[in-house]
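J.: One structure, as structure tokens, below. Some questions next.
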Amino acid sequence: MRLAGIVLGALLCTAPAAAQFLDREAVFARARDVAVAMLPGVVGADLAPFHVAYGLTLLETGDPAGSIEVDLLIRPSREVLPAREVIAAAPDPDASARLESLLAGVEYAWHYRTVRVRFPERGDAAPAAEFSTLLLNRDPEAVVSSAETAKP
């Protein structure tokens with residue numbers, strides 16, 4: 001038991017600070033800035049934070065290299081669609097089955113255009129940004145709004 005604690009402590013000490021304490025607000029702000037700079041027509045005020053993924057890779061040198069991937073919703077692209085219509089529009093039976101599973105028990109689906117931004121935790125590697133789409137079985141902006149009103 002004591003050995004496990006020592007190993008865990010050593011692992012936490014060697015992990016980059018961002019992996020331990022990721023400042024989500026700063027990450028979303030940086031992703032918003034990258035998206036506005038790299039993609040024509042994107043307006044920072046239209047982007048809503050949605051998801052952050054942190055990847056940690058051990059380099060051949062033994063040093064860790066962190067990368068961050070952020071998904072931002074483009075608010076004006078929001079479409080609320082009846083779930084049955086989305087499932088009926090599936091191009092094939094496999095897609096229909098996947099949509100049926102995703103949308104089981106919900107009346108509506110939320111569709112957004114998104115911006116996916118990737119950048120290194122540190123270093124000079126160039127960031128990347130691309131457009132994508134997202135179909136959800138819940139309203140992400142309602143979740144964000146309730147979380148914001150709960151802040152002191």
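By order in the structure tokens, chains are A, B, ...; within a chain, residues start at 1; ligands start at 1, following the order shown.
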Check range 103-148 of chain A with DSSP on the backbone and list each residue it calls alpha helix (DSSP H), as a PyMOL selection string.
T.: chain A and resi 140-148
J.: I need the residues from that last selection saved to file as an mmCIF file, in the first residue's frame (with all heavy atoms), if you can.
T.:
```cif
data_model
loop_
_atom_site.group_PDB
_atom_site.id
_atom_site.type_symbol
_atom_site.label_atom_id
_atom_site.label_comp_id
_atom_site.auth_asym_id
_atom_site.auth_seq_id
_atom_site.Cartn_x
_atom_site.Cartn_y
_atom_site.Cartn_z
ATOM 1 N N PRO A 140 -26.918 21.437 -25.039
ATOM 2 C CA PRO A 140 -25.687 21.792 -24.325
ATOM 3 C C PRO A 140 -25.702 23.211 -23.769
ATOM 4 O O PRO A 140 -25.077 23.484 -22.757
ATOM 5 C CB PRO A 140 -24.597 21.623 -25.381
ATOM 6 C CG PRO A 140 -25.297 21.836 -26.667
ATOM 7 C CD PRO A 140 -26.690 21.293 -26.466
ATOM 8 N N GLU A 141 -26.428 24.100 -24.418
ATOM 9 C CA GLU A 141 -26.461 25.474 -23.923
ATOM 10 C C GLU A 141 -27.302 25.596 -22.663
ATOM 11 O O GLU A 141 -27.033 26.443 -21.821
ATOM 12 C CB GLU A 141 -26.943 26.410 -25.015
ATOM 13 C CG GLU A 141 -25.920 26.496 -26.150
ATOM 14 C CD GLU A 141 -26.245 27.571 -27.149
ATOM 15 O OE1 GLU A 141 -26.099 28.753 -26.781
ATOM 16 O OE2 GLU A 141 -26.638 27.217 -28.276
ATOM 17 N N ALA A 142 -28.288 24.736 -22.484
ATOM 18 C CA ALA A 142 -29.054 24.741 -21.253
ATOM 19 C C ALA A 142 -28.190 24.283 -20.083
ATOM 20 O O ALA A 142 -28.273 24.817 -18.987
ATOM 21 C CB ALA A 142 -30.284 23.839 -21.375
ATOM 22 N N VAL A 143 -27.310 23.310 -20.337
ATOM 23 C CA VAL A 143 -26.401 22.814 -19.312
ATOM 24 C C VAL A 143 -25.387 23.899 -18.959
ATOM 25 O O VAL A 143 -25.133 24.154 -17.783
ATOM 26 C CB VAL A 143 -25.675 21.529 -19.783
ATOM 27 C CG1 VAL A 143 -24.612 21.111 -18.801
ATOM 28 C CG2 VAL A 143 -26.682 20.422 -19.994
ATOM 29 N N VAL A 144 -24.831 24.579 -19.951
ATOM 30 C CA VAL A 144 -23.869 25.665 -19.724
ATOM 31 C C VAL A 144 -24.547 26.790 -18.950
ATOM 32 O O VAL A 144 -24.006 27.313 -17.987
ATOM 33 C CB VAL A 144 -23.278 26.177 -21.047
ATOM 34 C CG1 VAL A 144 -22.492 27.459 -20.822
ATOM 35 C CG2 VAL A 144 -22.393 25.117 -21.657
ATOM 36 N N SER A 145 -25.760 27.171 -19.346
ATOM 37 C CA SER A 145 -26.454 28.274 -18.690
ATOM 38 C C SER A 145 -26.726 27.965 -17.221
ATOM 39 O O SER A 145 -26.538 28.811 -16.365
ATOM 40 C CB SER A 145 -27.785 28.561 -19.397
ATOM 41 O OG SER A 145 -27.537 28.974 -20.706
ATOM 42 N N SER A 146 -27.153 26.739 -16.906
ATOM 43 C CA SER A 146 -27.434 26.400 -15.511
ATOM 44 C C SER A 146 -26.147 26.354 -14.704
ATOM 45 O O SER A 146 -26.118 26.707 -13.542
ATOM 46 C CB SER A 146 -28.192 25.081 -15.413
ATOM 47 O OG SER A 146 -27.400 24.028 -15.890
ATOM 48 N N ALA A 147 -25.035 25.934 -15.318
ATOM 49 C CA ALA A 147 -23.746 25.906 -14.614
ATOM 50 C C ALA A 147 -23.261 27.324 -14.353
ATOM 51 O O ALA A 147 -22.688 27.610 -13.314
ATOM 52 C CB ALA A 147 -22.711 25.132 -15.427
ATOM 53 N N GLU A 148 -23.492 28.241 -15.295
ATOM 54 C CA GLU A 148 -23.062 29.620 -15.105
ATOM 55 C C GLU A 148 -23.873 30.313 -14.023
ATOM 56 O O GLU A 148 -23.339 31.092 -13.247
ATOM 57 C CB GLU A 148 -23.179 30.395 -16.425
ATOM 58 C CG GLU A 148 -22.132 30.002 -17.436
ATOM 59 C CD GLU A 148 -22.316 30.674 -18.791
ATOM 60 O OE1 GLU A 148 -23.336 31.374 -18.986
ATOM 61 O OE2 GLU A 148 -21.445 30.488 -19.658
#
```
J.: Hey, what's within 7 Å of Leu81 in chain A if we count only C-alpha atoms and toss same-chain stuff fewer than 4 positions away? As a PDB file with all heavy atoms, in the first residue's frame, please?
T.:
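What landed in result_29.pdb:
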```pdb
ATOM      1  N   VAL A  86     -34.701  12.979 -37.693  1.00  0.00           N
ATOM      2  CA  VAL A  86     -33.260  12.721 -37.841  1.00  0.00           C
ATOM      3  C   VAL A  86     -33.026  11.246 -38.133  1.00  0.00           C
ATOM      4  O   VAL A  86     -32.266  10.885 -39.041  1.00  0.00           O
ATOM      5  CB  VAL A  86     -32.491  13.163 -36.576  1.00  0.00           C
ATOM      6  CG1 VAL A  86     -31.035  12.723 -36.642  1.00  0.00           C
ATOM      7  CG2 VAL A  86     -32.595  14.663 -36.383  1.00  0.00           C
ATOM      8  N   TYR A 108     -36.174  15.538 -29.114  1.00  0.00           N
ATOM      9  CA  TYR A 108     -35.443  16.410 -30.032  1.00  0.00           C
ATOM     10  C   TYR A 108     -33.955  16.083 -30.057  1.00  0.00           C
ATOM     11  O   TYR A 108     -33.399  15.538 -29.107  1.00  0.00           O
ATOM     12  CB  TYR A 108     -35.617  17.883 -29.625  1.00  0.00           C
ATOM     13  CG  TYR A 108     -37.035  18.349 -29.742  1.00  0.00           C
ATOM     14  CD1 TYR A 108     -37.847  18.434 -28.623  1.00  0.00           C
ATOM     15  CD2 TYR A 108     -37.567  18.687 -30.980  1.00  0.00           C
ATOM     16  CE1 TYR A 108     -39.159  18.843 -28.730  1.00  0.00           C
ATOM     17  CE2 TYR A 108     -38.883  19.101 -31.100  1.00  0.00           C
ATOM     18  CZ  TYR A 108     -39.678  19.174 -29.970  1.00  0.00           C
ATOM     19  OH  TYR A 108     -40.982  19.572 -30.089  1.00  0.00           O
ATOM     20  N   ALA A 109     -33.317  16.490 -31.161  1.00  0.00           N
ATOM     21  CA  ALA A 109     -31.869  16.396 -31.308  1.00  0.00           C
ATOM     22  C   ALA A 109     -31.347  17.807 -31.560  1.00  0.00           C
ATOM     23  O   ALA A 109     -32.024  18.625 -32.180  1.00  0.00           O
ATOM     24  CB  ALA A 109     -31.506  15.487 -32.479  1.00  0.00           C
ATOM     25  N   TRP A 110     -30.143  18.080 -31.069  1.00  0.00           N
ATOM     26  CA  TRP A 110     -29.516  19.391 -31.258  1.00  0.00           C
ATOM     27  C   TRP A 110     -28.331  19.219 -32.197  1.00  0.00           C
ATOM     28  O   TRP A 110     -27.441  18.412 -31.930  1.00  0.00           O
ATOM     29  CB  TRP A 110     -29.065  19.956 -29.916  1.00  0.00           C
ATOM     30  CG  TRP A 110     -30.221  20.445 -29.094  1.00  0.00           C
ATOM     31  CD1 TRP A 110     -30.651  21.734 -28.996  1.00  0.00           C
ATOM     32  CD2 TRP A 110     -31.096  19.676 -28.268  1.00  0.00           C
ATOM     33  NE1 TRP A 110     -31.747  21.798 -28.167  1.00  0.00           N
ATOM     34  CE2 TRP A 110     -32.042  20.551 -27.718  1.00  0.00           C
ATOM     35  CE3 TRP A 110     -31.192  18.310 -27.971  1.00  0.00           C
ATOM     36  CZ2 TRP A 110     -33.055  20.137 -26.869  1.00  0.00           C
ATOM     37  CZ3 TRP A 110     -32.198  17.888 -27.125  1.00  0.00           C
ATOM     38  CH2 TRP A 110     -33.113  18.785 -26.576  1.00  0.00           C
TER      39      TRP A 110
END
```
J.: With only C-alpha atoms as the atoms that count, which of A:Ala88, A:Ala45, A:Ile74, A:Ala65 lies nearest to Ala125 in chain A?
T.: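 Closest to Ala125 in chain A of all the choices is A:Ala65.
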J.: With only C-alpha atoms as the counted atoms, please give the residues lying no more than 12 Å from Ser101 in chain A, apart from itself and same-chain residues fewer than 2 positions off, as number ranges by chain.
T.: A: 83-84, 87, 94-99, 103-106, 136-137
J.: Counting only C-alpha atoms, what is within 8 Å of range 32-43 of chain A, bar same-chain residues fewer than 6 positions away, as a list in words?
T.: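 Residues meeting the cut-off are Leu72, Val115, Val117, Pro127, Ala128, Ala129 and Glu130 of chain A.
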J.: Give me the residues near Ile68 in chain A as a PDB file with N, CA, C and O atoms, in the first residue's frame, where near means some atom within 9 Å (using only C-alpha atoms) and where sequence neighbours in that chain fewer than 3 positions away do not count.
T.:
```pdb
ATOM      1  N   VAL A  27      -7.942  27.657 -21.458  1.00  0.00           N
ATOM      2  CA  VAL A  27      -7.881  26.778 -22.625  1.00  0.00           C
ATOM      3  C   VAL A  27      -8.956  27.172 -23.634  1.00  0.00           C
ATOM      4  O   VAL A  27      -8.691  27.283 -24.834  1.00  0.00           O
ATOM      5  N   VAL A  52     -13.103  19.740 -23.744  1.00  0.00           N
ATOM      6  CA  VAL A  52     -11.640  19.797 -23.737  1.00  0.00           C
ATOM      7  C   VAL A  52     -11.108  18.381 -23.544  1.00  0.00           C
ATOM      8  O   VAL A  52     -11.585  17.649 -22.676  1.00  0.00           O
ATOM      9  N   ALA A  53     -10.143  17.997 -24.365  1.00  0.00           N
ATOM     10  CA  ALA A  53      -9.460  16.707 -24.199  1.00  0.00           C
ATOM     11  C   ALA A  53      -7.970  16.993 -24.086  1.00  0.00           C
ATOM     12  O   ALA A  53      -7.413  17.756 -24.870  1.00  0.00           O
ATOM     13  N   TYR A  54      -7.339  16.372 -23.105  1.00  0.00           N
ATOM     14  CA  TYR A  54      -5.908  16.547 -22.894  1.00  0.00           C
ATOM     15  C   TYR A  54      -5.226  15.221 -23.186  1.00  0.00           C
ATOM     16  O   TYR A  54      -5.595  14.189 -22.637  1.00  0.00           O
ATOM     17  N   GLY A  55      -4.240  15.249 -24.075  1.00  0.00           N
ATOM     18  CA  GLY A  55      -3.488  14.041 -24.408  1.00  0.00           C
ATOM     19  C   GLY A  55      -2.058  14.167 -23.935  1.00  0.00           C
ATOM     20  O   GLY A  55      -1.429  15.208 -24.098  1.00  0.00           O
ATOM     21  N   LEU A  56      -1.543  13.122 -23.334  1.00  0.00           N
ATOM     22  CA  LEU A  56      -0.169  13.125 -22.839  1.00  0.00           C
ATOM     23  C   LEU A  56       0.595  12.009 -23.541  1.00  0.00           C
ATOM     24  O   LEU A  56       0.180  10.854 -23.534  1.00  0.00           O
ATOM     25  N   VAL A 117     -10.257  22.679 -32.343  1.00  0.00           N
ATOM     26  CA  VAL A 117      -8.939  23.322 -32.294  1.00  0.00           C
ATOM     27  C   VAL A 117      -7.977  22.388 -31.560  1.00  0.00           C
ATOM     28  O   VAL A 117      -8.327  21.832 -30.520  1.00  0.00           O
ATOM     29  N   ARG A 118      -6.775  22.237 -32.116  1.00  0.00           N
ATOM     30  CA  ARG A 118      -5.725  21.434 -31.481  1.00  0.00           C
ATOM     31  C   ARG A 118      -4.479  22.301 -31.331  1.00  0.00           C
ATOM     32  O   ARG A 118      -4.104  23.001 -32.263  1.00  0.00           O
ATOM     33  N   PHE A 119      -3.861  22.231 -30.142  1.00  0.00           N
ATOM     34  CA  PHE A 119      -2.606  22.953 -29.936  1.00  0.00           C
ATOM     35  C   PHE A 119      -1.792  22.259 -28.850  1.00  0.00           C
ATOM     36  O   PHE A 119      -2.344  21.537 -28.022  1.00  0.00           O
ATOM     37  N   PRO A 120      -0.473  22.457 -28.884  1.00  0.00           N
ATOM     38  CA  PRO A 120       0.382  21.816 -27.876  1.00  0.00           C
ATOM     39  C   PRO A 120       0.251  22.534 -26.537  1.00  0.00           C
ATOM     40  O   PRO A 120      -0.061  23.727 -26.478  1.00  0.00           O
ATOM     41  N   GLU A 121       0.500  21.786 -25.483  1.00  0.00           N
ATOM     42  CA  GLU A 121       0.487  22.379 -24.149  1.00  0.00           C
ATOM     43  C   GLU A 121       1.555  23.470 -24.054  1.00  0.00           C
ATOM     44  O   GLU A 121       1.334  24.525 -23.504  1.00  0.00           O
TER      45      GLU A 121
END
```
J.: Contacts of Pro49 in chain A at 8 Å or less, counting only C-alpha atoms, minus same-chain residues fewer than 2 places along, as a list in words?
T.: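 Residues meeting the cut-off are Phe28, Leu47, His51, Asp71, Leu72 and Leu73 of chain A.
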J.: My list of candidates is A:Arg75, A:Glu69, A:Leu134, A:Val80. Which is closest to Arg116 in chain A when distances are computed with only C-alpha atoms?
T.: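 Nearest to Arg116 in chain A: A:Glu69.
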J.: Expressed in Å to a single decimal, how great is the separation between CA of Asp139 in chain A and CA of Phe50 in chain A?
T.: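 CA of Phe50 in chain A lies 11.3 Å from CA of Asp139 in chain A.
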